[in-house]
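K.L.:
Sharing input_33.pdb here; it has PDB, C-alpha atoms.
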ATOM      1  CA  MET A  26      16.755 143.221-133.435  1.00  0.00           C
ATOM      2  CA  GLU A  27      18.726 139.990-133.021  1.00  0.00           C
ATOM      3  CA  ASN A  28      22.487 140.295-132.574  1.00  0.00           C
ATOM      4  CA  LYS A  29      24.185 137.498-134.511  1.00  0.00           C
ATOM      5  CA  THR A  30      27.925 137.201-134.227  1.00  0.00           C
ATOM      6  CA  LYS A  31      29.983 135.278-136.723  1.00  0.00           C
ATOM      7  CA  THR A  32      31.778 132.179-135.539  1.00  0.00           C
ATOM      8  CA  ALA A  33      35.500 132.808-135.657  1.00  0.00           C
ATOM      9  CA  VAL A  34      37.553 130.105-137.336  1.00  0.00           C
ATOM     10  CA  TYR A  35      41.227 130.656-136.575  1.00  0.00           C
ATOM     11  CA  TRP A  36      43.763 129.199-138.985  1.00  0.00           C
ATOM     12  CA  THR A  37      47.441 128.846-139.720  1.00  0.00           C
ATOM     13  CA  LEU A  38      49.660 127.201-142.290  1.00  0.00           C
ATOM     14  CA  LEU A  39      51.553 124.303-140.725  1.00  0.00           C
ATOM     15  CA  ILE A  40      54.852 123.609-142.478  1.00  0.00           C
ATOM     16  CA  HIS A  41      56.911 120.634-141.396  1.00  0.00           C
ATOM     17  CA  GLU A  42      59.544 119.031-143.631  1.00  0.00           C
ATOM     18  CA  ASP A  43      57.697 118.235-146.889  1.00  0.00           C
ATOM     19  CA  TRP A  44      54.307 118.830-145.277  1.00  0.00           C
ATOM     20  CA  SER A  45      52.396 122.040-145.854  1.00  0.00           C
ATOM     21  CA  LEU A  46      48.781 122.096-144.688  1.00  0.00           C
ATOM     22  CA  HIS A  47      46.240 124.471-143.250  1.00  0.00           C
ATOM     23  CA  ILE A  48      44.794 123.792-139.825  1.00  0.00           C
ATOM     24  CA  ALA A  49      41.927 125.607-138.147  1.00  0.00           C
ATOM     25  CA  ALA A  50      40.178 125.793-134.798  1.00  0.00           C
ATOM     26  CA  THR A  51      37.165 127.454-133.254  1.00  0.00           C
ATOM     27  CA  SER A  52      37.067 128.558-129.628  1.00  0.00           C
ATOM     28  CA  GLU A  53      35.922 124.974-128.897  1.00  0.00           C
ATOM     29  CA  GLY A  54      38.894 123.179-130.480  1.00  0.00           C
ATOM     30  CA  LEU A  55      40.565 121.921-133.648  1.00  0.00           C
ATOM     31  CA  CYS A  56      38.010 121.677-136.434  1.00  0.00           C
ATOM     32  CA  PHE A  57      39.999 121.290-139.662  1.00  0.00           C
ATOM     33  CA  VAL A  58      43.200 119.671-140.883  1.00  0.00           C
ATOM     34  CA  GLY A  59      43.729 120.251-144.572  1.00  0.00           C
ATOM     35  CA  SER A  60      45.228 118.089-147.253  1.00  0.00           C
ATOM     36  CA  GLN A  61      48.944 118.234-147.947  1.00  0.00           C
ATOM     37  CA  ASN A  62      49.953 121.125-150.223  1.00  0.00           C
ATOM     38  CA  HIS A  63      46.388 122.320-150.882  1.00  0.00           C
ATOM     39  CA  PRO A  64      45.607 126.055-151.061  1.00  0.00           C
ATOM     40  CA  LEU A  65      43.698 128.100-148.474  1.00  0.00           C
ATOM     41  CA  GLU A  66      40.602 127.727-150.652  1.00  0.00           C
ATOM     42  CA  GLU A  67      40.245 124.173-149.333  1.00  0.00           C
ATOM     43  CA  LEU A  68      39.701 125.591-145.826  1.00  0.00           C
ATOM     44  CA  SER A  69      37.524 128.422-147.109  1.00  0.00           C
ATOM     45  CA  ASP A  70      35.237 126.027-148.995  1.00  0.00           C
ATOM     46  CA  TRP A  71      35.068 123.700-145.979  1.00  0.00           C
ATOM     47  CA  ALA A  72      34.148 126.581-143.640  1.00  0.00           C
ATOM     48  CA  LYS A  73      31.405 127.836-145.977  1.00  0.00           C
ATOM     49  CA  ALA A  74      29.856 124.363-146.087  1.00  0.00           C
ATOM     50  CA  ARG A  75      30.301 123.350-142.421  1.00  0.00           C
ATOM     51  CA  ILE A  76      30.126 126.658-140.534  1.00  0.00           C
ATOM     52  CA  PRO A  77      28.104 129.033-142.736  1.00  0.00           C
ATOM     53  CA  GLY A  78      28.717 132.704-142.040  1.00  0.00           C
ATOM     54  CA  SER A  79      31.968 132.014-140.193  1.00  0.00           C
ATOM     55  CA  GLU A  80      34.896 134.392-140.337  1.00  0.00           C
ATOM     56  CA  LEU A  81      38.382 133.075-141.138  1.00  0.00           C
ATOM     57  CA  ILE A  82      41.058 134.733-138.997  1.00  0.00           C
ATOM     58  CA  ARG A  83      44.746 133.913-139.299  1.00  0.00           C
ATOM     59  CA  ASP A  84      46.164 133.394-135.813  1.00  0.00           C
ATOM     60  CA  ASP A  85      49.447 131.482-135.814  1.00  0.00           C
ATOM     61  CA  GLU A  86      49.893 131.860-132.050  1.00  0.00           C
ATOM     62  CA  ARG A  87      46.470 130.394-131.179  1.00  0.00           C
ATOM     63  CA  LEU A  88      47.129 127.331-133.346  1.00  0.00           C
ATOM     64  CA  LEU A  89      50.584 126.550-131.868  1.00  0.00           C
ATOM     65  CA  PRO A  90      49.354 123.832-129.446  1.00  0.00           C
ATOM     66  CA  TYR A  91      47.504 122.040-132.251  1.00  0.00           C
ATOM     67  CA  ALA A  92      50.437 122.384-134.646  1.00  0.00           C
ATOM     68  CA  ALA A  93      52.836 120.985-132.041  1.00  0.00           C
ATOM     69  CA  GLU A  94      50.739 117.844-131.541  1.00  0.00           C
ATOM     70  CA  LEU A  95      50.282 117.362-135.285  1.00  0.00           C
ATOM     71  CA  ILE A  96      54.034 117.690-135.871  1.00  0.00           C
ATOM     72  CA  GLU A  97      54.686 115.092-133.177  1.00  0.00           C
ATOM     73  CA  TYR A  98      52.162 112.836-134.923  1.00  0.00           C
ATOM     74  CA  LEU A  99      53.858 113.351-138.300  1.00  0.00           C
ATOM     75  CA  GLN A 100      57.213 112.526-136.689  1.00  0.00           C
ATOM     76  CA  GLY A 101      55.772 109.296-135.298  1.00  0.00           C
ATOM     77  CA  THR A 102      56.217 110.276-131.650  1.00  0.00           C
ATOM     78  CA  ARG A 103      52.515 110.841-130.885  1.00  0.00           C
ATOM     79  CA  THR A 104      49.668 108.349-131.275  1.00  0.00           C
ATOM     80  CA  SER A 105      46.877 110.206-129.465  1.00  0.00           C
ATOM     81  CA  PHE A 106      45.903 113.837-129.025  1.00  0.00           C
ATOM     82  CA  THR A 107      45.178 115.914-125.928  1.00  0.00           C
ATOM     83  CA  ALA A 108      44.017 119.073-127.711  1.00  0.00           C
ATOM     84  CA  PRO A 109      40.248 119.611-127.839  1.00  0.00           C
ATOM     85  CA  PHE A 110      38.330 119.006-131.065  1.00  0.00           C
ATOM     86  CA  ASP A 111      35.288 120.746-132.513  1.00  0.00           C
ATOM     87  CA  PHE A 112      33.524 118.682-135.155  1.00  0.00           C
ATOM     88  CA  PRO A 113      30.627 120.800-136.424  1.00  0.00           C
ATOM     89  CA  GLY A 114      27.820 118.929-138.090  1.00  0.00           C
ATOM     90  CA  THR A 115      24.495 117.324-137.507  1.00  0.00           C
ATOM     91  CA  PRO A 116      23.866 114.770-134.773  1.00  0.00           C
ATOM     92  CA  PHE A 117      24.009 111.215-136.064  1.00  0.00           C
TER      93      PHE A 117
END
Starting from the file, lay out its structure as structure tokens.

P.N.:
Amino acid sequence: MENKTKTAVYWTLLIHEDWSLHIAATSEGLCFVGSQNHPLEELSDWAKARIPGSELIRDDERLLPYAAELIEYLQGTRTSFTAPFDFPGTPF
């Protein structure tokens, strides 16, 4: 019998000034930055399409480094990112 584990997609709600958006990461890096003021369903639908069978897990602590860089970007003090990214999809 094959043991298949679900890919964990960790998420949090980033709130900064008028911005409210969901962000998510796998163990490999940031994989999703949602649209401003959209519900969690946006992330859920994205995960179903891009990482089928994944499990969404809220983990505010794990997403802190990503949130910090995104806030700096929104404030205009950051122009590039050091956090790892995970862009699931097919090879081009």

K.L.:
List, as a ChimeraX atom specification, every residue that the PyMOL selection byres ((chain A and resi 85-96) around 9) selects in the file provided.

P.N.:
/A:35-41,48-50,54-55,83-84,97-103,105-109

K.L.:
Can you tell me how far CA of Ile76 in chain A sits from CA of Asp43 in chain A, in Å to one decimal?

P.N.:
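These atoms are spaced 29.5 Å apart.
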
K.L.:
Dig up all the protein and nucleic acid residues within 9 Å of (48.0, 124.2, -148.6) in the file frame, using all atoms listed in the file, and format them as JSON, numbers by chain.

P.N.:
{"A": [38, 39, 44, 45, 46, 47, 59, 60, 61, 62, 63, 64, 65, 66, 67, 68]}

K.L.:
To one decimal in Å, tell me the separation between CA of Lys31 in chain A and CA of Gly78 in chain A.

P.N.:
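Computed distance, CA of Lys31 in chain A to CA of Gly78 in chain A, equals 6.0 Å.
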
K.L.:
Go ahead and compute the interatomic distance for CA of Asp70 in chain A and CA of Val58 in chain A, in Å to one decimal.

P.N.:
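Pair CA of Asp70 in chain A / CA of Val58 in chain A returns 13.0 Å.
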
K.L.:
Return the single residue from A:Thr104, A:Lys73, A:Glu80, A:Phe57 that is closest to Val34 in chain A, with distances computed using only C-alpha atoms.

P.N.:
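Looking only at the distances to Val34 in chain A, the closest residue turns out to be A:Glu80.
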
K.L.:
Range 96-114 of chain A, all listed atoms, 6 Å padding on each side: what axis-aligned box centre and edge lengths in Å to one decimal come out, as lines of an AutoDock Vina configuration file?

P.N.:
center_x = 42.5
center_y = 114.6
center_z = -132.1
size_x = 41.4
size_y = 24.5
size_z = 24.4

K.L.:
Looking at A:Ser69, A:Arg75, A:Cys56, A:Thr51, which one is nearest to Thr32 in chain A, with distances taken over all atoms listed in the file?

P.N.:
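When distances to Thr32 in chain A are compared using all atoms listed in the file, the smallest one comes from A:Thr51.
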